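Undergrad: upload15.txt is reproduced below (compact mmCIF, C-alpha atoms).
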```txt
# COMPACT_ATOMS: atom_id res chain seq x y z
CA MET D 815 49.17 -84.53 77.19
CA ASP D 816 47.98 -81.05 76.22
CA LEU D 817 44.59 -81.22 74.39
CA ARG D 818 44.31 -77.52 73.64
CA PRO D 819 45.92 -77.63 70.18
CA LYS D 820 43.63 -80.44 69.06
CA LEU D 821 40.57 -78.62 70.46
CA LEU D 822 41.53 -75.41 68.63
CA LEU D 823 41.95 -77.32 65.38
CA THR D 824 38.55 -78.91 65.81
CA LEU D 825 36.92 -75.52 66.40
CA LEU D 826 38.58 -74.07 63.28
CA GLN D 827 37.37 -76.99 61.16
CA ALA D 828 33.83 -76.57 62.49
CA ALA D 829 33.87 -72.83 61.73
CA PHE D 830 35.15 -73.51 58.22
CA PHE D 831 32.40 -76.03 57.47
CA LEU D 832 29.79 -73.68 58.94
CA LEU D 833 31.01 -70.86 56.66
CA LEU D 834 31.03 -73.17 53.66
CA LEU D 835 27.46 -74.28 54.35
CA THR D 836 26.39 -70.63 54.70
CA LEU D 837 27.93 -69.75 51.34
CA ILE D 838 26.30 -72.72 49.66
CA GLY D 839 22.95 -71.71 51.12
CA VAL D 840 23.25 -68.13 49.96
CA GLY D 841 24.29 -69.27 46.48
CA CYS D 842 21.31 -71.58 46.21
CA PHE D 843 18.96 -68.80 47.29
CA LEU D 844 20.36 -66.37 44.72
CA PHE D 845 20.23 -68.98 41.98
CA TYR D 846 16.59 -69.72 42.72
CA SER D 847 15.65 -66.04 42.99
CA PHE D 848 17.31 -65.18 39.70
CA PHE D 849 16.01 -68.04 37.57
CA PHE D 850 12.86 -69.39 39.21
CA ALA D 851 11.26 -66.55 41.20
CA GLU D 852 7.99 -65.09 39.89
CA ASP D 853 9.45 -61.62 39.20
CA SER D 854 12.62 -62.95 37.55
CA PRO D 855 13.29 -61.49 34.05
CA PHE D 856 13.98 -65.05 32.86
CA ASN D 857 10.55 -66.11 34.02
CA ARG D 858 8.67 -63.33 32.10
CA SER D 859 7.33 -63.08 28.57
CA PRO D 860 8.94 -60.72 26.00
CA ARG D 861 5.91 -58.40 26.31
CA ASP D 862 6.38 -58.17 30.08
CA ARG D 863 10.08 -57.42 29.59
CA VAL D 864 9.29 -54.46 27.32
CA GLN D 865 6.74 -53.12 29.78
CA GLY D 866 9.26 -53.47 32.57
CA ALA D 867 11.80 -51.46 30.60
CA ARG D 868 9.19 -48.75 30.10
CA ASP D 869 8.38 -48.67 33.80
CA SER D 870 12.08 -48.47 34.66
CA LEU D 871 12.64 -45.55 32.28
CA GLU D 872 9.58 -43.73 33.63
CA SER D 873 10.79 -44.12 37.20
CA LYS D 874 14.23 -42.88 36.26
CA ASN D 875 12.82 -39.75 34.58
CA ILE D 876 10.58 -38.96 37.53
CA ILE D 877 13.41 -39.40 40.03
CA ASN D 878 15.85 -37.27 38.03
CA GLY D 879 13.24 -34.54 37.54
CA SER D 880 15.37 -32.52 35.19
CA GLY D 881 14.75 -34.79 32.21
CA ARG D 882 18.33 -34.14 31.09
CA SER D 883 19.95 -36.53 28.67
CA GLU D 884 23.01 -38.45 29.82
CA SER D 885 24.93 -37.50 26.66
CA ARG D 886 26.89 -34.25 26.72
CA GLY D 887 25.72 -31.26 24.73
CA THR D 888 22.03 -32.29 24.63
CA VAL D 889 19.55 -30.63 26.98
CA ALA D 890 15.92 -31.68 27.02
CA PRO D 891 13.06 -29.49 28.32
CA ASN D 892 12.23 -29.75 32.02
CA PRO D 893 8.53 -30.60 32.33
CA SER D 894 8.53 -30.47 36.15
CA SER D 895 9.99 -26.96 36.48
CA ASN D 896 7.58 -24.20 37.52
CA SER D 897 10.03 -21.32 37.47
CA GLY D 898 10.10 -20.97 33.66
CA ALA D 899 13.89 -20.58 33.79
CA SER D 900 16.20 -22.60 31.59
CA ASP D 901 19.64 -23.94 32.40
CA ASP D 902 20.81 -22.69 28.99
CA PRO D 903 19.69 -19.09 28.24
CA GLN D 904 20.46 -19.59 24.54
CA ASP D 905 18.17 -22.60 24.19
CA ASP D 906 14.75 -21.30 23.09
CA SER D 907 13.71 -24.34 21.12
CA GLU D 908 10.26 -25.75 21.67
CA PRO D 909 9.93 -29.02 23.56
CA ASP D 910 9.11 -32.17 21.66
CA ASN D 911 6.06 -32.79 23.82
CA GLU D 912 3.72 -29.84 24.38
CA PHE D 913 2.44 -31.05 27.75
CA GLY D 914 5.75 -32.34 29.12
CA GLU D 915 4.62 -35.99 29.02
CA LEU D 916 7.20 -38.73 29.07
CA THR D 917 8.12 -40.40 25.81
CA PHE D 918 9.66 -43.83 25.36
CA PRO D 919 12.21 -45.22 22.92
CA PHE D 920 9.83 -48.04 22.05
CA GLY D 921 7.38 -45.73 20.26
CA GLY D 922 5.02 -45.14 23.19
CA GLU D 923 1.33 -45.90 23.15
CA THR D 924 -0.26 -44.95 19.82
CA ASP D 925 -3.57 -45.55 18.12
CA GLY D 926 -1.86 -47.44 15.32
CA SER D 927 -2.16 -44.62 12.77
CA PRO D 928 0.98 -43.78 10.74
CA GLU D 929 2.99 -40.77 11.78
CA THR D 930 2.78 -37.74 9.50
CA GLU D 931 5.24 -34.89 9.13
CA ASN D 932 4.26 -31.28 9.63
CA PRO D 933 3.35 -29.60 6.33
CA GLN D 934 6.00 -27.24 4.96
CA LEU D 935 5.32 -23.64 5.85
CA ALA D 936 4.62 -21.36 2.90
CA VAL D 937 7.33 -18.80 2.18
CA PRO D 938 5.86 -15.29 2.52
CA LYS D 939 5.90 -13.10 -0.57
CA PRO D 940 8.42 -10.24 -0.20
CA SER D 941 7.39 -6.60 -0.42
CA SER D 942 7.65 -5.07 -3.91
CA SER D 943 8.56 -1.69 -2.39
CA GLN D 944 11.40 -3.29 -0.43
CA ALA D 945 12.52 -5.10 -3.57
CA VAL D 946 13.08 -1.77 -5.38
CA ARG D 947 15.00 -0.40 -2.40
CA ASP D 948 17.17 -3.54 -2.22
CA TYR D 949 17.91 -3.18 -5.95
CA TYR D 950 19.48 0.26 -5.42
CA LEU D 951 21.29 -0.84 -2.28
CA MET D 952 22.96 -3.59 -4.32
CA LEU D 953 23.88 -1.03 -6.99
CA ASN D 954 25.60 1.01 -4.27
CA ARG D 955 27.61 -2.12 -3.39
CA ARG D 956 28.50 -2.68 -7.09
CA GLU D 957 26.73 -6.06 -7.12
CA TYR D 958 25.93 -5.69 -10.80
CA SER D 959 25.56 -9.41 -11.53
CA LYS D 960 22.78 -9.63 -8.95
CA THR D 961 20.99 -6.47 -10.08
CA TRP D 962 21.21 -7.50 -13.73
CA GLY D 963 19.40 -10.70 -12.80
CA LEU D 964 16.55 -8.63 -11.30
CA LEU D 965 15.69 -7.00 -14.65
CA SER D 966 13.23 -8.38 -17.18
CA PRO D 967 14.37 -8.99 -20.77
CA GLY D 968 12.25 -6.03 -21.93
CA PHE D 969 13.81 -3.72 -19.35
CA LYS D 970 17.31 -4.78 -20.41
CA ARG D 971 16.57 -4.19 -24.09
CA LYS D 972 15.06 -0.74 -23.58
CA HIS D 973 17.48 0.72 -21.02
CA SER D 974 20.76 -1.12 -21.69
CA LYS D 975 20.36 -2.49 -25.25
CA ASN D 976 20.48 -5.93 -23.64
CA SER D 977 24.18 -5.39 -22.90
CA PHE D 978 25.51 -6.13 -19.45
CA TYR D 979 28.72 -4.28 -20.34
CA GLU D 980 26.80 -1.09 -21.18
CA TYR D 981 24.69 -1.48 -18.05
CA LYS D 982 27.78 -1.89 -15.84
CA THR D 983 29.65 0.95 -17.58
CA TRP D 984 26.83 3.41 -16.94
CA TRP D 985 26.42 2.55 -13.26
CA ASN D 986 30.18 2.79 -12.73
CA LYS D 987 29.79 6.52 -13.47
CA VAL D 988 27.64 6.85 -10.34
CA ASP D 989 29.44 7.32 -7.03
CA ARG D 990 26.40 6.66 -4.85
CA ILE D 991 22.62 6.64 -4.89
CA VAL D 992 20.53 8.25 -2.16
CA ILE D 993 17.19 6.51 -1.76
CA GLY D 994 14.35 8.84 -0.80
CA GLN D 995 10.68 8.24 -0.14
CA ARG D 996 9.04 5.26 -1.74
CA LYS D 997 5.40 4.24 -2.05
CA GLN D 998 3.75 1.04 -3.11
CA VAL D 999 1.13 2.27 -5.55
CA SER D 1000 -0.44 -1.13 -6.09
CA GLN D 1001 0.35 -4.81 -5.68
CA GLY D 1002 -1.60 -7.70 -7.13
CA GLU D 1003 -1.01 -11.43 -7.20
CA ASN D 1004 1.99 -11.28 -9.53
CA GLN D 1005 2.33 -7.61 -10.52
CA ALA D 1006 3.05 -4.37 -8.66
CA VAL D 1007 3.73 -0.67 -9.15
CA VAL D 1008 6.17 1.20 -6.89
CA GLU D 1009 7.02 4.90 -6.82
CA ILE D 1010 10.38 6.00 -5.45
CA SER D 1011 12.50 9.18 -5.32
CA LEU D 1012 16.24 8.89 -6.01
CA THR D 1013 19.28 11.17 -6.05
CA TYR D 1014 22.31 10.13 -8.11
CA HIS D 1015 25.71 11.53 -7.10
CA LEU D 1016 27.96 11.08 -10.13
CA LYS D 1017 31.72 10.63 -9.91
CA ASP D 1018 32.29 13.81 -11.94
CA GLY D 1019 30.64 15.86 -9.18
CA ARG D 1020 27.24 16.31 -10.79
CA THR D 1021 23.97 15.40 -9.07
CA ARG D 1022 20.85 14.07 -10.74
CA GLU D 1023 17.50 13.86 -9.02
CA ASP D 1024 14.75 11.51 -10.06
CA TYR D 1025 11.57 12.31 -8.15
CA ASN D 1026 8.67 9.85 -8.06
CA LYS D 1027 10.21 7.37 -10.45
CA ILE D 1028 7.73 4.64 -11.39
CA PHE D 1029 8.75 0.99 -11.37
CA TYR D 1030 6.68 -1.88 -12.69
CA LEU D 1031 7.44 -5.26 -11.16
CA VAL D 1032 6.52 -8.86 -11.96
CA PHE D 1033 6.71 -11.62 -9.35
CA LYS D 1034 8.63 -14.81 -10.18
CA GLU D 1035 7.36 -17.85 -8.28
CA ASN D 1036 10.43 -20.01 -8.92
CA THR D 1037 12.77 -17.52 -7.23
CA ASN D 1038 10.24 -15.92 -4.84
CA SER D 1039 11.41 -12.47 -5.93
CA TRP D 1040 10.20 -9.35 -7.77
CA ILE D 1041 11.65 -8.56 -11.21
CA LEU D 1042 11.81 -5.00 -12.53
CA ASP D 1043 9.81 -4.85 -15.75
CA ASP D 1044 9.42 -2.08 -18.30
CA LEU D 1045 5.66 -2.43 -18.55
CA LEU D 1046 3.09 -4.66 -16.89
CA LYS D 1047 1.55 -7.36 -19.04
CA GLY D 1048 -2.03 -8.59 -19.12
CA SER D 1049 -5.40 -6.93 -19.04
CA SER D 1050 -5.62 -7.28 -15.27
CA ALA D 1051 -2.42 -5.26 -14.72
CA PRO D 1052 -2.96 -1.91 -12.96
CA ASN D 1053 -2.63 0.72 -15.69
CA TYR D 1054 -0.95 3.38 -13.60
CA ARG D 1055 0.10 5.48 -16.57
CA SER D 1056 -3.43 6.02 -17.80
CA GLN D 1057 -5.13 6.70 -14.50
CA GLY D 1058 -5.50 10.45 -15.20
CA GLU D 1059 -6.53 12.54 -18.20
CA ALA D 1060 -4.74 15.29 -20.14
CA ASN D 1061 -5.24 18.60 -18.34
CA ALA D 1062 -2.59 20.88 -19.89
CA THR D 1063 -0.93 21.88 -23.18
CA ILE D 1064 2.74 22.43 -23.97
CA VAL D 1065 3.26 25.98 -25.24
CA THR D 1066 6.16 28.31 -26.11
CA THR D 1067 6.85 31.97 -26.77
CA ASP D 1068 9.52 31.12 -29.36
CA PRO D 1069 8.08 29.51 -32.52
CA THR D 1070 11.60 28.54 -33.64
CA GLU D 1071 11.73 25.95 -30.87
CA PRO D 1072 9.01 23.39 -31.65
CA ILE D 1073 10.37 20.85 -29.17
CA LYS D 1074 11.03 21.19 -25.43
CA ASN D 1075 13.13 19.05 -23.11
CA VAL D 1076 11.61 16.91 -20.39
CA ARG D 1077 13.92 16.43 -17.41
CA SER D 1078 14.27 13.91 -14.58
CA SER D 1079 14.34 16.65 -11.92
CA PRO D 1080 13.00 20.22 -11.62
CA ASN D 1081 16.19 21.97 -12.74
CA THR D 1082 18.53 22.28 -15.70
CA ASP D 1083 21.54 20.87 -13.89
CA GLY D 1084 23.72 18.44 -15.81
CA ASP D 1085 22.56 15.75 -18.16
CA ASN D 1086 19.07 15.18 -16.75
CA ILE D 1087 17.09 15.17 -20.00
CA VAL D 1088 14.87 12.08 -20.17
CA GLY D 1089 12.86 12.96 -23.28
CA LYS D 1090 11.47 15.61 -25.60
CA ILE D 1091 7.95 16.84 -26.28
CA ARG D 1092 6.44 18.85 -29.12
CA ILE D 1093 4.69 22.18 -28.71
CA GLY D 1094 0.94 21.69 -28.67
CA SER D 1095 1.08 18.22 -27.06
CA ARG D 1096 -1.62 17.44 -24.56
CA VAL D 1097 -0.20 16.23 -21.25
CA GLU D 1098 -1.26 15.35 -17.73
CA VAL D 1099 0.16 17.45 -14.90
CA LEU D 1100 1.08 15.09 -12.07
CA ARG D 1101 2.52 17.45 -9.48
CA GLU D 1102 4.33 20.73 -8.87
CA GLY D 1103 7.86 21.41 -7.67
CA ARG D 1104 10.36 24.22 -7.33
CA ASP D 1105 14.06 24.50 -8.04
CA ARG D 1106 16.72 26.19 -5.90
CA THR D 1107 15.75 29.63 -7.24
CA ASN D 1108 12.10 28.95 -6.32
CA ASP D 1109 10.98 28.78 -9.95
CA LEU D 1110 7.89 26.63 -10.53
CA TRP D 1111 8.12 23.35 -12.47
CA TYR D 1112 5.50 20.75 -13.42
CA LYS D 1113 5.94 17.02 -13.52
CA ILE D 1114 4.02 15.87 -16.59
CA TYR D 1115 3.04 12.67 -18.34
CA ASP D 1116 2.77 12.51 -22.13
CA PRO D 1117 0.26 9.72 -22.97
CA SER D 1118 1.29 9.64 -26.62
CA SER D 1119 4.91 8.68 -25.92
CA GLY D 1120 4.85 7.54 -22.30
CA THR D 1121 7.40 10.22 -21.36
CA ARG D 1122 7.30 11.29 -17.75
CA GLY D 1123 9.38 14.13 -16.28
CA TRP D 1124 9.72 17.78 -15.37
CA ILE D 1125 9.25 20.89 -17.50
CA ALA D 1126 9.37 24.58 -16.56
CA GLU D 1127 6.08 26.28 -15.72
CA GLN D 1128 6.29 28.84 -18.59
CA PHE D 1129 5.99 26.02 -21.13
CA VAL D 1130 2.81 24.53 -19.63
CA GLU D 1131 -0.64 26.00 -20.04
CA ARG D 1132 -3.08 24.29 -17.71
CA ASP D 1133 -6.76 23.92 -18.57
```
Show me, as structure tokens, the structure contained in the file I just sent.
TA:
Amino acid sequence: MDLRPKLLLTLLQAAFFLLLLTLIGVGCFLFYSFFFAEDSPFNRSPRDRVQGARDSLESKNIINGSGRSESRGTVAPNPSSNSGASDDPQDDSEPDNEFGELTFPFGGETDGSPETENPQLAVPKPSSSQAVRDYYLMLNRREYSKTWGLLSPGFKRKHSKNSFYEYKTWWNKVDRIVIGQRKQVSQGENQAVVEISLTYHLKDGRTREDYNKIFYLVFKENTNSWILDDLLKGSSAPNYRSQGEANATIVTTDPTEPIKNVRSSPNTDGDNIVGKIRIGSRVEVLREGRDRTNDLWYKIYDPSSGTRGWIAEQFVERD
């Protein structure tokens, strides 16, 4: 009788039982390690679990080094980089932590004081000189609704009879405005004086020059913008018009002409008359200028009427 088949079967049964015992032993070891070992998460307090999560996150950040978020499209600053280079050249935002320290989703370690937001930065006050320039740039772009909103009620009444239609109609006669030199004469807390030179090129081919035009501006806090005003209000306003004293007299060689024209530019071109002045009026000479034929003109200020403009030299007798 051949005993080899029975012996082989016995060996296979022994190997099977040995494997089964090994598996049972390994399972018991894992069960004990997971539920009853000292470092098991099921054998730790909630406080220890939180601290363990913190330690795990810290280790992960240190190993990764780059500090890069797992979600796409979000790049965090790299606190361990010494090269100063960034993976994204367009990302110039400041890091959340100035010293590159690790932060945790559980709020980190704080002193218990409530978090406070950064105070809102104050909006800087715009330049009054730039405000006047921007006004004429908008007129060149025909943005009349915007420019109309930059005028005070007094300015609208005096120069446009408080009519937006009349205001728009007049400026539609102008092809373009050339902005010359401008100077901020003074600027206080809420009031300013700006001097600017302008050249108007009309659509009918004429040109009007307005040298050293004076603008009075009032600052509006609610819109953080300067408003063009006809005259500054308040005793603290800089009285630019009365800074000088009369130093000349208007004269004439023709007694039949008791009134002379005051013009916006030193010439008689086109419709540049801005006012009239009587012979014998005392005026202040502000500056000198010459026309294309080299004739001398004076820019004057009439304190009795507030008229400011140019008049030919032969009609002015200086003190």
Undergrad: So which residues touch D:Leu1100 within 10 Å, counting all atoms listed in the file, skipping near sequence neighbours fewer than 3 positions away, as a VMD selection string?
TA: chain D and resid 1058 1060 to 1061 1097 1112 to 1115 1122 to 1124
Undergrad: Measuring between only C-alpha atoms, which one of D:Leu833, D:Lys972, D:Ile1091, D:Leu1016 shows the shortest distance to D:Trp984?
TA: D:Leu1016
Undergrad: D:Ile1125: which residues within 12 Å, counting all atoms listed in the file, same-chain residues fewer than 5 positions away excluded, as a PyMOL selection string?
TA: chain D and resi 1063-1066+1073-1082+1086-1091+1097-1105+1109-1116+1130-1131
Undergrad: Please compute the atom CA of D:Val1007-atom CA of D:Ser942 distance, one decimal, in Å.
TA: 7.9 Å
Undergrad: Atom CA of D:Trp1040 to atom CA of D:Gln1001: how many Å, to one decimal?
TA: 11.0 Å
Undergrad: Dump as a list in words all residues having an atom at most 9 Å from (25.0, 5.3, -9.0), computed in the file's coordinates with all atoms listed in the file.
TA: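 Taken together, the residues in range are Tyr950, Leu953, Asn954, Arg956, Trp984, Trp985, Asn986, Lys987, Val988, Asp989, Arg990, Ile991, Val992, Thr1013, Tyr1014, His1015, Leu1016 and Lys1017 of chain D.
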Undergrad: What lies within 6 Å of D:Val1008 using all atoms listed in the file, ignoring chain neighbours under 2 positions off, as an mmCIF file with C-alpha atoms, keeping the file's coordinate frame?
TA:
```
data_model
loop_
_atom_site.group_PDB
_atom_site.id
_atom_site.type_symbol
_atom_site.label_atom_id
_atom_site.label_comp_id
_atom_site.auth_asym_id
_atom_site.auth_seq_id
_atom_site.Cartn_x
_atom_site.Cartn_y
_atom_site.Cartn_z
ATOM 1 C CA SER D 943 8.560 -1.690 -2.390
ATOM 2 C CA LYS D 997 5.400 4.240 -2.050
ATOM 3 C CA GLN D 998 3.750 1.040 -3.110
ATOM 4 C CA VAL D 999 1.130 2.270 -5.550
ATOM 5 C CA ILE D 1028 7.730 4.640 -11.390
ATOM 6 C CA PHE D 1029 8.750 0.990 -11.370
#
```
Undergrad: As a ChimeraX atom specification, please: the residues near D:His973 (cut-off 12 Å, only C-alpha atoms, same-chain neighbours under 6 positions excluded).
TA: /D:962,965-967,980-982,984-985,1042-1044,1088
Undergrad: Pick from D:Asp1085, D:Thr1037, D:Gly1120, D:Cys842: nearest to D:Asp1018, with only C-alpha atoms counted?
TA: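 Checking each of D:Asp1085, D:Thr1037, D:Gly1120, D:Cys842 against D:Asp1018, counting only C-alpha atoms, the winner is D:Asp1085.
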Undergrad: Pick out the closest residue to D:Lys939 from this set: D:Gly841, D:Asn1038, D:Phe969, D:Gln995. Count only C-alpha atoms.
TA: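 Once distances to D:Lys939 are computed over only C-alpha atoms, the minimum belongs to D:Asn1038.
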